[in-house]
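The file entry_29.txt comes next; it holds compact mmCIF, C-alpha atoms and all ligand atoms.
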# COMPACT_ATOMS: atom_id res chain seq x y z
CA MET A 479 0.00 0.00 0.00
CA SER A 480 2.68 2.43 1.02
CA ALA A 481 4.74 1.67 -2.05
CA LEU A 482 1.74 2.54 -4.20
CA ASP A 483 1.12 5.75 -2.29
CA ASP A 484 4.73 6.75 -2.77
CA LYS A 485 4.51 6.17 -6.45
CA SER A 486 1.38 8.23 -6.97
CA THR A 487 2.78 11.04 -4.89
CA ASP A 488 5.90 10.95 -7.00
CA ALA A 489 3.97 10.97 -10.21
CA SER A 490 1.73 13.87 -9.33
CA ALA A 491 4.61 15.77 -7.83
CA SER A 492 6.71 15.54 -10.95
CA GLY A 493 3.77 16.03 -13.34
CA GLY A 494 2.11 18.76 -11.33
CA ALA A 495 5.03 21.08 -10.65
CA ALA A 496 3.04 24.02 -11.98
CA ASP A 497 0.22 23.27 -9.53
CA SER A 498 2.17 25.09 -6.83
CA GLY A 499 2.12 22.22 -4.32
CA SER A 500 -1.62 21.75 -3.90
CA GLN A 501 -2.92 18.76 -1.84
CA ASP A 502 -2.13 15.47 -3.55
CA SER A 503 -4.70 12.91 -2.44
CA PRO A 504 -8.08 14.45 -3.55
CA ARG A 505 -6.53 15.22 -6.90
CA ASP A 506 -5.36 11.58 -7.22
CA LYS A 507 -8.82 10.27 -6.40
CA GLY A 508 -10.31 12.60 -8.98
CA GLY A 509 -7.77 11.34 -11.51
CA LEU A 510 -8.55 7.73 -10.73
CA ALA A 511 -12.30 8.32 -10.98
CA MET A 512 -11.77 9.99 -14.32
CA LEU A 513 -9.64 7.11 -15.54
CA ILE A 514 -12.33 4.60 -14.50
CA ALA A 515 -15.03 6.70 -16.14
CA PHE A 516 -12.90 6.87 -19.26
CA ILE A 517 -12.39 3.10 -19.34
CA ILE A 518 -16.10 2.45 -18.79
CA GLY A 519 -16.91 4.93 -21.53
CA LEU A 520 -14.37 3.36 -23.87
CA VAL A 521 -15.54 -0.19 -23.27
CA GLY A 522 -19.14 0.95 -23.56
CA SER A 523 -18.61 2.65 -26.88
CA LEU A 524 -16.63 -0.31 -28.22
CA VAL A 525 -19.52 -2.61 -27.32
CA VAL A 526 -21.99 -0.23 -28.93
CA GLY A 527 -19.79 0.25 -32.00
CA TRP A 528 -18.80 -3.36 -32.59
CA VAL A 529 -21.77 -5.33 -31.30
CA VAL A 530 -24.90 -3.22 -30.90
CA PHE A 531 -24.47 -0.88 -33.89
CA PRO A 532 -24.06 -3.65 -36.54
CA LYS A 533 -27.10 -5.46 -35.08
CA VAL A 534 -29.21 -2.34 -35.42
CA LEU A 535 -27.68 -1.26 -38.73
CA TYR A 536 -28.36 -4.49 -40.60
CA SER A 537 -31.67 -6.22 -41.19
CA THR A 538 -31.53 -9.97 -41.79
CA ARG A 539 -33.47 -12.10 -44.27
CA GLU A 540 -33.33 -15.80 -45.08
CA GLN A 541 -32.96 -16.91 -48.70
CA PRO A 542 -36.29 -18.02 -50.25
CA VAL A 543 -34.92 -21.56 -50.70
CA GLN A 544 -31.90 -23.20 -49.11
CA PHE A 545 -29.36 -24.32 -51.67
CA ASN A 546 -26.51 -26.79 -51.22
CA HIS A 547 -23.58 -25.90 -53.49
CA ALA A 548 -21.37 -28.85 -52.54
CA LEU A 549 -24.10 -31.37 -53.41
CA HIS A 550 -24.93 -29.71 -56.74
CA VAL A 551 -21.33 -29.23 -57.84
CA GLU A 552 -20.89 -32.96 -57.26
CA GLU A 553 -24.08 -33.72 -59.26
CA THR A 554 -23.31 -31.42 -62.19
CA GLY A 555 -19.52 -31.74 -62.19
CA GLY A 556 -18.65 -28.03 -62.03
CA CYS A 557 -19.87 -24.47 -61.86
CA ASP A 558 -20.57 -23.68 -65.47
CA SER A 559 -23.84 -25.54 -65.91
CA CYS A 560 -25.27 -22.79 -63.70
CA HIS A 561 -22.76 -19.90 -63.84
CA TYR A 562 -21.55 -19.50 -67.42
CA PHE A 563 -20.65 -16.88 -70.00
CA ARG A 564 -23.29 -16.39 -72.71
CA GLU A 565 -22.48 -16.38 -76.44
CA ASP A 566 -22.20 -12.56 -76.35
CA GLY A 567 -19.58 -12.74 -73.57
CA THR A 568 -21.82 -11.53 -70.73
CA PHE A 569 -21.96 -13.48 -67.47
CA ALA A 570 -25.22 -15.29 -66.70
CA GLY A 571 -24.84 -14.72 -62.92
CA VAL A 572 -27.37 -16.47 -60.73
CA PRO A 573 -29.09 -19.29 -62.69
CA THR A 574 -32.71 -19.15 -63.77
CA LEU A 575 -35.16 -22.04 -63.28
CA ASP A 576 -34.28 -23.76 -66.54
CA ALA A 577 -30.89 -24.69 -65.04
CA CYS A 578 -32.81 -26.77 -62.49
CA LEU A 579 -35.57 -28.36 -64.55
CA ASP A 580 -33.55 -31.23 -66.01
CA CYS A 581 -33.44 -32.73 -62.55
CA HIS A 582 -36.26 -31.09 -60.55
CA GLU A 583 -39.21 -31.25 -63.00
CA SER A 584 -40.72 -33.10 -60.06
CA ALA A 585 -39.20 -33.87 -56.66
CA ILE A 586 -36.41 -36.45 -56.78
CA GLY A 587 -35.73 -36.81 -53.08
CA ASP A 588 -37.86 -36.38 -50.00
CA SER A 589 -36.24 -33.34 -48.38
CA GLU A 590 -38.57 -30.60 -47.18
CA GLU A 591 -36.46 -27.93 -48.88
CA GLU A 592 -36.75 -29.61 -52.28
CA ALA A 593 -40.52 -30.08 -51.83
CA LYS A 594 -40.85 -26.35 -51.05
CA PHE A 595 -38.73 -25.46 -54.10
CA VAL A 596 -40.77 -27.66 -56.47
CA GLU A 597 -44.15 -26.59 -55.09
CA ASN A 598 -43.52 -22.82 -54.83
CA TYR A 599 -41.32 -22.23 -57.87
CA VAL A 600 -40.99 -25.15 -60.32
CA GLU A 601 -44.69 -26.05 -60.64
CA PRO A 602 -46.04 -22.49 -61.02
CA GLY A 603 -42.98 -21.53 -63.13
CA ILE A 604 -41.88 -18.66 -60.87
CA GLU A 605 -38.20 -17.62 -60.73
CA VAL A 606 -36.64 -17.90 -57.27
CA PRO A 607 -35.94 -14.37 -55.96
CA TRP A 608 -32.38 -15.19 -54.78
CA LEU A 609 -30.69 -12.54 -52.66
CA VAL A 610 -27.26 -11.69 -54.09
CA TYR A 611 -24.64 -11.18 -51.38
CA SER A 612 -22.11 -9.51 -53.67
CA ARG A 613 -24.58 -7.02 -55.23
CA GLN A 614 -23.01 -3.59 -55.80
CA PRO A 615 -25.01 -0.34 -55.94
CA ASP A 616 -26.39 0.56 -59.39
CA CYS A 617 -23.77 3.25 -59.99
CA VAL A 618 -20.99 0.62 -60.11
CA PHE A 619 -19.97 -1.11 -63.33
CA PHE A 620 -18.48 -4.58 -62.91
CA SER A 621 -17.72 -7.16 -65.57
CA HIS A 622 -17.03 -10.83 -64.87
CA ALA A 623 -15.59 -11.32 -68.35
CA ALA A 624 -12.75 -8.83 -67.66
CA HIS A 625 -11.81 -10.54 -64.41
CA VAL A 626 -12.49 -14.23 -65.03
CA GLU A 627 -11.90 -14.65 -68.76
CA LYS A 628 -9.35 -11.93 -69.47
CA ALA A 629 -7.42 -11.79 -66.18
CA GLY A 630 -7.99 -15.50 -65.38
CA MET A 631 -9.14 -14.94 -61.81
CA ASP A 632 -10.77 -17.59 -59.64
CA CYS A 633 -14.30 -17.22 -58.23
CA VAL A 634 -12.89 -17.83 -54.75
CA THR A 635 -10.72 -14.69 -54.86
CA CYS A 636 -13.72 -12.37 -54.64
CA HIS A 637 -16.50 -14.61 -53.33
CA GLY A 638 -14.77 -16.98 -50.94
CA PRO A 639 -15.48 -20.71 -50.88
CA VAL A 640 -19.18 -20.43 -51.84
CA GLY A 641 -18.85 -23.35 -54.27
CA GLU A 642 -17.98 -25.71 -51.39
CA SER A 643 -20.71 -24.54 -49.02
CA THR A 644 -23.62 -26.75 -48.02
CA SER A 645 -26.04 -23.95 -47.14
CA LEU A 646 -26.69 -20.27 -47.86
CA LYS A 647 -26.02 -17.85 -45.01
CA PRO A 648 -28.71 -15.29 -44.10
CA TYR A 649 -28.64 -12.12 -46.19
CA GLN A 650 -27.94 -8.89 -44.29
CA GLU A 651 -28.95 -5.53 -45.68
CA ASN A 652 -27.59 -2.18 -44.51
CA ARG A 653 -30.67 -0.17 -43.44
CA ILE A 654 -29.07 3.15 -44.41
CA THR A 655 -27.42 2.42 -47.75
CA GLY A 656 -29.44 -0.63 -48.80
CA TYR A 657 -26.15 -2.42 -49.61
CA SER A 658 -25.49 -6.02 -48.83
CA ARG A 659 -23.33 -6.57 -45.74
CA ASP A 660 -20.74 -8.38 -47.86
CA ILE A 661 -19.71 -5.03 -49.40
CA TRP A 662 -18.51 -3.43 -46.18
CA GLY A 663 -17.66 -6.76 -44.62
CA TYR A 664 -18.38 -8.37 -41.27
CA ASP A 665 -15.54 -6.66 -39.43
CA ILE A 666 -16.74 -3.06 -39.35
CA SER A 667 -13.34 -1.65 -38.45
CA GLY A 668 -11.96 -3.09 -41.70
CA ILE A 669 -8.57 -3.54 -39.99
CA PHE A 670 -8.53 -7.30 -39.91
CA LYS A 671 -9.01 -8.09 -43.58
CA LYS A 672 -7.56 -11.55 -44.09
CA HIS A 673 -9.04 -12.51 -47.46
CA GLU A 674 -9.77 -10.51 -50.57
CA TRP A 675 -13.44 -11.49 -50.23
CA ASP A 676 -13.87 -10.20 -46.64
CA SER A 677 -15.16 -6.93 -48.09
CA MET A 678 -15.64 -5.41 -51.57
CA LYS A 679 -15.79 -1.65 -51.07
CA MET A 680 -14.45 0.90 -53.55
CA ASP A 681 -11.06 0.79 -51.81
CA ASP A 682 -10.94 -2.99 -52.05
CA CYS A 683 -11.48 -2.90 -55.83
CA ALA A 684 -8.94 -0.09 -56.23
CA ARG A 685 -6.33 -1.77 -54.05
CA CYS A 686 -6.29 -4.88 -56.24
CA HIS A 687 -6.29 -2.80 -59.43
CA GLU A 688 -3.27 -0.88 -58.22
CA ARG A 689 -1.50 -4.11 -57.29
CA GLU A 690 -2.35 -5.94 -60.52
CA THR A 691 -2.30 -3.17 -63.10
CA GLY A 692 -0.20 -0.44 -61.45
CA SER A 693 -3.07 2.05 -61.47
CA LYS A 694 -6.15 2.61 -59.31
CA GLY A 695 -8.12 3.47 -62.44
CA ALA A 696 -10.09 6.58 -63.33
CA CYS A 697 -13.51 7.15 -61.78
CA PHE A 698 -15.28 6.37 -65.04
CA GLN A 699 -13.72 2.91 -65.22
CA CYS A 700 -16.10 1.72 -62.51
CA HIS A 701 -18.78 4.44 -62.61
CA LYS A 702 -20.40 4.90 -66.01
C1 LIG B 1 -26.96 -26.36 -59.92
C2 LIG B 1 -26.65 -24.96 -60.07
C3 LIG B 1 -25.38 -24.38 -59.44
C4 LIG B 1 -24.09 -24.84 -59.56
C5 LIG B 1 -23.59 -26.09 -60.25
C6 LIG B 1 -23.25 -23.85 -58.90
N1 LIG B 1 -24.02 -22.84 -58.40
FE1 LIG B 1 -23.37 -21.14 -57.51
N2 LIG B 1 -25.32 -20.51 -57.23
C7 LIG B 1 -26.43 -21.24 -57.62
C8 LIG B 1 -27.61 -20.56 -57.14
C9 LIG B 1 -29.06 -21.02 -57.30
C10 LIG B 1 -27.16 -19.40 -56.46
C11 LIG B 1 -28.03 -18.32 -55.80
C12 LIG B 1 -27.83 -18.17 -54.34
C13 LIG B 1 -27.42 -16.77 -53.98
O1 LIG B 1 -28.16 -15.83 -54.25
O2 LIG B 1 -26.32 -16.61 -53.43
C14 LIG B 1 -25.71 -19.41 -56.55
C15 LIG B 1 -24.86 -18.44 -56.03
C16 LIG B 1 -23.49 -18.44 -56.15
C17 LIG B 1 -22.62 -17.38 -55.68
C18 LIG B 1 -23.04 -16.22 -54.84
C19 LIG B 1 -23.40 -14.97 -55.56
C20 LIG B 1 -23.85 -13.98 -54.53
O3 LIG B 1 -23.08 -13.06 -54.26
O4 LIG B 1 -24.95 -14.12 -53.96
C21 LIG B 1 -21.34 -17.76 -55.97
C22 LIG B 1 -20.08 -17.00 -55.66
C23 LIG B 1 -21.40 -19.03 -56.61
N3 LIG B 1 -22.71 -19.42 -56.71
C24 LIG B 1 -20.29 -19.73 -56.99
C25 LIG B 1 -20.33 -21.03 -57.50
C26 LIG B 1 -19.14 -21.81 -57.79
C27 LIG B 1 -17.71 -21.34 -57.58
C28 LIG B 1 -19.58 -23.00 -58.29
C29 LIG B 1 -18.73 -24.19 -58.72
C30 LIG B 1 -17.73 -24.67 -57.76
C31 LIG B 1 -21.04 -22.96 -58.32
N4 LIG B 1 -21.45 -21.75 -57.81
C32 LIG B 1 -21.86 -23.94 -58.80
C33 LIG B 1 -26.46 -22.39 -58.37
C34 LIG B 1 -25.34 -23.14 -58.71
C1 LIG B 2 -27.95 -32.61 -62.22
C2 LIG B 2 -29.18 -32.62 -61.49
C3 LIG B 2 -29.55 -31.40 -60.66
C4 LIG B 2 -29.68 -30.08 -61.07
C5 LIG B 2 -29.40 -29.51 -62.45
C6 LIG B 2 -30.19 -29.35 -59.94
N1 LIG B 2 -30.35 -30.20 -58.86
FE1 LIG B 2 -31.06 -29.68 -57.03
N2 LIG B 2 -30.75 -31.58 -56.36
C7 LIG B 2 -30.26 -32.61 -57.13
C8 LIG B 2 -30.16 -33.81 -56.30
C9 LIG B 2 -29.69 -35.18 -56.76
C10 LIG B 2 -30.62 -33.43 -55.01
C11 LIG B 2 -30.71 -34.31 -53.78
C12 LIG B 2 -32.11 -34.86 -53.69
C13 LIG B 2 -32.27 -35.70 -52.44
O1 LIG B 2 -31.78 -36.81 -52.44
O2 LIG B 2 -32.89 -35.19 -51.49
C14 LIG B 2 -30.98 -32.02 -55.09
C15 LIG B 2 -31.48 -31.29 -54.03
C16 LIG B 2 -31.95 -30.00 -54.13
C17 LIG B 2 -32.60 -29.28 -53.06
C18 LIG B 2 -32.91 -29.79 -51.67
C19 LIG B 2 -31.73 -30.21 -50.90
C20 LIG B 2 -30.80 -29.15 -50.41
O3 LIG B 2 -30.19 -29.32 -49.37
O4 LIG B 2 -30.57 -28.13 -51.09
C21 LIG B 2 -32.91 -28.03 -53.53
C22 LIG B 2 -33.62 -26.90 -52.80
C23 LIG B 2 -32.42 -27.98 -54.88
N3 LIG B 2 -31.85 -29.19 -55.21
C24 LIG B 2 -32.52 -26.87 -55.70
C25 LIG B 2 -31.99 -26.79 -56.98
C26 LIG B 2 -32.00 -25.58 -57.78
C27 LIG B 2 -32.54 -24.24 -57.31
C28 LIG B 2 -31.43 -25.90 -58.97
C29 LIG B 2 -31.19 -24.97 -60.15
C30 LIG B 2 -30.43 -23.76 -59.89
C31 LIG B 2 -31.06 -27.30 -58.92
N4 LIG B 2 -31.40 -27.80 -57.69
C32 LIG B 2 -30.47 -27.99 -59.96
C33 LIG B 2 -29.95 -32.57 -58.47
C34 LIG B 2 -29.96 -31.44 -59.25
C1 LIG B 3 -12.81 -9.70 -59.30
C2 LIG B 3 -13.78 -10.23 -58.39
C3 LIG B 3 -14.74 -11.31 -58.84
C4 LIG B 3 -14.45 -12.54 -59.40
C5 LIG B 3 -13.09 -13.11 -59.76
C6 LIG B 3 -15.72 -13.21 -59.58
N1 LIG B 3 -16.74 -12.42 -59.14
FE1 LIG B 3 -18.71 -12.85 -59.12
N2 LIG B 3 -19.18 -10.97 -58.53
C7 LIG B 3 -18.25 -10.00 -58.22
C8 LIG B 3 -18.93 -8.75 -57.96
C9 LIG B 3 -18.27 -7.42 -57.59
C10 LIG B 3 -20.31 -9.01 -58.13
C11 LIG B 3 -21.47 -8.01 -58.02
C12 LIG B 3 -21.72 -7.42 -59.40
C13 LIG B 3 -22.76 -6.35 -59.41
O1 LIG B 3 -23.55 -6.22 -58.50
O2 LIG B 3 -22.82 -5.64 -60.43
C14 LIG B 3 -20.44 -10.43 -58.48
C15 LIG B 3 -21.64 -11.08 -58.71
C16 LIG B 3 -21.75 -12.47 -58.89
C17 LIG B 3 -22.99 -13.22 -58.94
C18 LIG B 3 -24.38 -12.61 -58.87
C19 LIG B 3 -24.61 -12.00 -60.20
C20 LIG B 3 -25.99 -11.55 -60.46
O3 LIG B 3 -26.19 -10.34 -60.55
O4 LIG B 3 -26.87 -12.38 -60.63
C21 LIG B 3 -22.67 -14.54 -59.14
C22 LIG B 3 -23.61 -15.71 -59.27
C23 LIG B 3 -21.23 -14.61 -59.21
N3 LIG B 3 -20.70 -13.34 -59.06
C24 LIG B 3 -20.53 -15.78 -59.39
C25 LIG B 3 -19.18 -15.82 -59.73
C26 LIG B 3 -18.50 -17.01 -60.21
C27 LIG B 3 -19.15 -18.37 -60.42
C28 LIG B 3 -17.19 -16.66 -60.45
C29 LIG B 3 -16.08 -17.51 -61.03
C30 LIG B 3 -16.35 -18.02 -62.36
C31 LIG B 3 -17.06 -15.24 -60.07
N4 LIG B 3 -18.28 -14.77 -59.68
C32 LIG B 3 -15.88 -14.50 -60.11
C33 LIG B 3 -16.89 -10.17 -58.15
C34 LIG B 3 -16.19 -11.25 -58.68
C1 LIG B 4 -8.39 -9.28 -56.73
C2 LIG B 4 -8.23 -8.31 -57.80
C3 LIG B 4 -9.40 -7.48 -58.29
C4 LIG B 4 -10.48 -7.05 -57.59
C5 LIG B 4 -10.84 -7.31 -56.13
C6 LIG B 4 -11.26 -6.26 -58.50
N1 LIG B 4 -10.67 -6.21 -59.73
FE1 LIG B 4 -11.35 -5.18 -61.37
N2 LIG B 4 -9.78 -5.84 -62.45
C7 LIG B 4 -8.75 -6.63 -61.98
C8 LIG B 4 -7.80 -6.88 -63.05
C9 LIG B 4 -6.53 -7.71 -62.97
C10 LIG B 4 -8.29 -6.19 -64.19
C11 LIG B 4 -7.67 -6.08 -65.59
C12 LIG B 4 -8.31 -7.05 -66.52
C13 LIG B 4 -7.70 -6.88 -67.90
O1 LIG B 4 -8.23 -6.05 -68.63
O2 LIG B 4 -6.71 -7.55 -68.17
C14 LIG B 4 -9.54 -5.54 -63.78
C15 LIG B 4 -10.33 -4.76 -64.61
C16 LIG B 4 -11.48 -4.09 -64.23
C17 LIG B 4 -12.27 -3.23 -65.07
C18 LIG B 4 -11.97 -2.91 -66.53
C19 LIG B 4 -12.69 -3.89 -67.38
C20 LIG B 4 -12.48 -3.64 -68.85
O3 LIG B 4 -13.36 -3.09 -69.46
O4 LIG B 4 -11.38 -3.99 -69.34
C21 LIG B 4 -13.32 -2.77 -64.33
C22 LIG B 4 -14.44 -1.85 -64.77
C23 LIG B 4 -13.18 -3.34 -63.00
N3 LIG B 4 -12.05 -4.13 -62.99
C24 LIG B 4 -14.06 -3.08 -61.95
C25 LIG B 4 -13.92 -3.64 -60.68
C26 LIG B 4 -14.80 -3.35 -59.57
C27 LIG B 4 -15.99 -2.42 -59.62
C28 LIG B 4 -14.35 -4.08 -58.52
C29 LIG B 4 -14.89 -4.14 -57.12
C30 LIG B 4 -16.29 -4.38 -56.95
C31 LIG B 4 -13.18 -4.81 -58.97
N4 LIG B 4 -12.94 -4.52 -60.27
C32 LIG B 4 -12.45 -5.65 -58.15
C33 LIG B 4 -8.61 -7.13 -60.71
C34 LIG B 4 -9.51 -6.94 -59.64
C1 LIG B 5 -12.09 0.21 -59.12
C2 LIG B 5 -13.43 0.68 -59.23
C3 LIG B 5 -13.78 2.07 -58.75
C4 LIG B 5 -13.14 3.26 -59.07
C5 LIG B 5 -11.91 3.46 -59.94
C6 LIG B 5 -13.90 4.32 -58.43
N1 LIG B 5 -14.97 3.77 -57.73
FE1 LIG B 5 -16.35 4.81 -56.65
N2 LIG B 5 -17.23 3.05 -56.05
C7 LIG B 5 -16.80 1.80 -56.42
C8 LIG B 5 -17.57 0.82 -55.70
C9 LIG B 5 -17.42 -0.70 -55.79
C10 LIG B 5 -18.50 1.52 -54.90
C11 LIG B 5 -19.58 0.93 -53.97
C12 LIG B 5 -19.01 0.45 -52.67
C13 LIG B 5 -18.62 1.56 -51.76
O1 LIG B 5 -19.46 2.42 -51.46
O2 LIG B 5 -17.44 1.57 -51.33
C14 LIG B 5 -18.25 2.93 -55.13
C15 LIG B 5 -18.96 3.98 -54.55
C16 LIG B 5 -18.77 5.31 -54.83
C17 LIG B 5 -19.59 6.38 -54.30
C18 LIG B 5 -20.76 6.21 -53.35
C19 LIG B 5 -21.97 5.93 -54.18
C20 LIG B 5 -23.13 5.45 -53.36
O3 LIG B 5 -24.20 5.27 -53.97
O4 LIG B 5 -23.01 5.23 -52.17
C21 LIG B 5 -19.10 7.55 -54.81
C22 LIG B 5 -19.64 8.95 -54.56
C23 LIG B 5 -17.95 7.21 -55.64
N3 LIG B 5 -17.79 5.85 -55.65
C24 LIG B 5 -17.18 8.13 -56.34
C25 LIG B 5 -16.00 7.81 -57.02
C26 LIG B 5 -15.06 8.81 -57.56
C27 LIG B 5 -15.26 10.32 -57.45
C28 LIG B 5 -14.05 8.12 -58.14
C29 LIG B 5 -12.77 8.67 -58.81
C30 LIG B 5 -11.89 9.42 -57.93
C31 LIG B 5 -14.35 6.70 -57.99
N4 LIG B 5 -15.53 6.56 -57.29
C32 LIG B 5 -13.58 5.67 -58.50
C33 LIG B 5 -15.79 1.49 -57.32
C34 LIG B 5 -14.91 2.41 -57.89

This entry written out as structure tokens:
Amino acid sequence: MSALDDKSTDASASGGAADSGSQDSPRDKGGLAMLIAFIIGLVGSLVVGWVVFPKVLYSTREQPVQFNHALHVEETGGCDSCHYFREDGTFAGVPTLDACLDCHESAIGDSEEEAKFVENYVEPGIEVPWLVYSRQPDCVFFSHAAHVEKAGMDCVTCHGPVGESTSLKPYQENRITGYSRDIWGYDISGIFKKHEWDSMKMDDCARCHERETGSKGACFQCHK
């Protein structure tokens, strides 16, 4: 106890030379209380910023149908029966129903998810309104042909291991911007980016462009 007291007296004596020798102990208590208040405030705002804020900021929706990529890649032998480049070079993106009909004209198994898919979409001929995690705002121009066909990039680089997944994660939408959560990423500080696909903001696109092509690109490259 006395060692501690000595220390704090020392500290305030050396730091507070201009205080013209005022009483030490009330000042120390005030300092300690302020430090505790600061720590509580800091921890509180970190909790609000990292845990509460993202919960409030994003609304969550389930996909209309669950889809198992691993199972289907095994069945079809690859990605391009569903995700392919059309004759004109444009990317087909998310598949339409006709990519499913060869096998699901009627239910082939007895899973509940397949029954729901066949009953709600296949039989009435309604396209599944899939929610696209990687969707960019309308002002952004992106071309798969330039990246996949010309630059030879892998799907995994930008999307992560979606092709090996057995289920679709819930879709999270930013209530303010309307963007998908996958654009800003799940770590809101953005400091701990481990994979290219952790976030796909403007800076993320530009960073790779600078690395790969030596230039960040002019605004009109990505904004038409
Ligand atoms: C039998 C059809 C089928 C096959 C084969 C298939 N996919 Fe998909 N894929 C889908 C459907 C349906 C979705 C829509 C789900 C969604 O919105 O994410 C999808 C979505 C995706 C998405 C997410 C797009 C987004 O941002 O929402 C990626 C990435 C993807 N597939 C990659 C792959 C890769 C890589 C392969 C091969 C290893 C593959 N897929 C094989 C049907 C297929
Ligand atoms: C090459 C054949 C084939 C194609 C094409 C195909 N599927 Fe499947 N699908 C299967 C098989 C096999 C199963 C497993 C059925 C079982 O045993 O329950 C399955 C299961 C499913 C299930 C339920 C099981 C689960 O966990 O996902 C859904 C939903 C589904 N498929 C949706 C789709 C959609 C959507 C498409 C088109 C984008 C599609 N399938 C295209 C063969 C196919
Ligand atoms: C350079 C990064 C990059 C690579 C590589 C890439 N994608 Fe994408 N993908 C994106 C971006 C960005 C979007 C959103 C585009 C938009 O909203 O205009 C997207 C959108 C998609 C979508 C949804 C498209 C839609 O609008 O329906 C699918 C499906 C998809 N990608 C699958 C794939 C597959 C399969 C591959 C590999 C063959 C691949 N992507 C390679 C970045 C990439
Ligand atoms: C991991 C690397 C990488 C990421 C991430 C990436 N790009 Fe690219 N992008 C490239 C490379 C490499 C090229 C050059 C392709 C070529 O022309 O050889 C390119 C080219 C382009 C082009 C020019 C296409 C053309 O007409 O030739 C546009 C537009 C573009 N990217 C937009 C985007 C946008 C928007 C994003 C983010 C949503 C993005 N890119 C993310 C690597 C990347
Ligand atoms: C490599 C591609 C790329 C380049 C180059 C680029 N942008 Fe972007 N920009 C994006 C993407 C992707 C987004 C959406 C994600 C985000 O908000 O970070 C975006 C978003 C924006 C937005 C916000 C739009 C909104 O609806 O929220 C503005 C404003 C903007 N860019 C301006 C610019 C200006 C000005 C330049 C030139 C100095 C520029 N961008 C260059 C890819 C690019």

>> I'd like the neighbourhood of stretch 608-613 of chain A as a PyMOL selection string, where a residue qualifies if any of its atoms comes within 8 Å (using all atoms listed in the file), though same-chain residues fewer than 5 positions away should be ignored.
In response: chain A and resi 541-543+572+637+649+657-661+678

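With all atoms listed in the file counted, the chains near ligand LIG 3 (chain B) contribute these residues within 6 Å: His561, Gly571, Val572, Val610, Ser612, Arg613, Gln614, Phe620, His622, His625, Val626, Met631, Asp632, Cys633, Thr635 and Cys636 of chain A.
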
> Counting only C-alpha atoms, what is within 10 Å of A:Trp662, bar same-chain residues fewer than 6 positions away, as a PyMOL selection string?
Replying inline: chain A and resi 652+668+676-680+682

> atom CA of A:Glu597 and atom CA of A:Asp580 are how many Å apart?
Replying inline: 15.9 Å

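In terms of minimum interatomic distance to A:Glu642, A:His547 ranks closest within A:Lys507, A:Lys672, A:Arg539, A:His547, counting all atoms listed in the file.
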
>> Please return as an MDAnalysis selection string the residues found within 9 Å of ligand LIG 5 (chain B), counting only C-alpha atoms and all ligand atoms.
In response: chainID A and resid 614:620 655 657 661:662 678:688 694:701

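Each of A:Ser667, A:Thr574, A:Ser621, A:Ser645 was compared to A:Val600 using all atoms listed in the file, and A:Thr574 turns out to be the nearest.
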
> Skipping near chain neighbours, those fewer than 2 positions away, what residues fall within 12 Å of stretch 550-552 of chain A using all atoms listed in the file, listed as a ChimeraX atom specification?
Replying inline: /A:545-548,554-561,577-578,581,640-645

Can you put N, CA and C atoms back into stretch 656-665 of chain A and show it as a CSV table (one decimal), keeping the file's coordinate frame?
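Result file follows (result.csv):
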chain,number,residue,atom,x,y,z
A,656,GLY,N,-28.8,0.4,-48.0
A,656,GLY,CA,-29.4,-0.6,-48.8
A,656,GLY,C,-28.4,-1.6,-49.4
A,657,TYR,N,-27.1,-1.5,-49.1
A,657,TYR,CA,-26.2,-2.4,-49.6
A,657,TYR,C,-26.2,-3.7,-48.8
A,658,SER,N,-25.7,-4.7,-49.5
A,658,SER,CA,-25.5,-6.0,-48.8
A,658,SER,C,-24.3,-5.9,-47.8
A,659,ARG,N,-24.4,-6.6,-46.8
A,659,ARG,CA,-23.3,-6.6,-45.7
A,659,ARG,C,-22.0,-7.0,-46.3
A,660,ASP,N,-22.0,-7.9,-47.3
A,660,ASP,CA,-20.7,-8.4,-47.9
A,660,ASP,C,-19.9,-7.3,-48.5
A,661,ILE,N,-20.5,-6.1,-48.8
A,661,ILE,CA,-19.7,-5.0,-49.4
A,661,ILE,C,-18.8,-4.4,-48.3
A,662,TRP,N,-19.3,-4.0,-47.2
A,662,TRP,CA,-18.5,-3.4,-46.2
A,662,TRP,C,-17.8,-4.5,-45.4
A,663,GLY,N,-18.3,-5.7,-45.3
A,663,GLY,CA,-17.7,-6.8,-44.6
A,663,GLY,C,-18.2,-6.9,-43.2
A,664,TYR,N,-17.8,-8.0,-42.6
A,664,TYR,CA,-18.4,-8.4,-41.3
A,664,TYR,C,-17.6,-7.8,-40.1
A,665,ASP,N,-16.3,-7.4,-40.4
A,665,ASP,CA,-15.5,-6.7,-39.4
A,665,ASP,C,-15.7,-5.2,-39.7
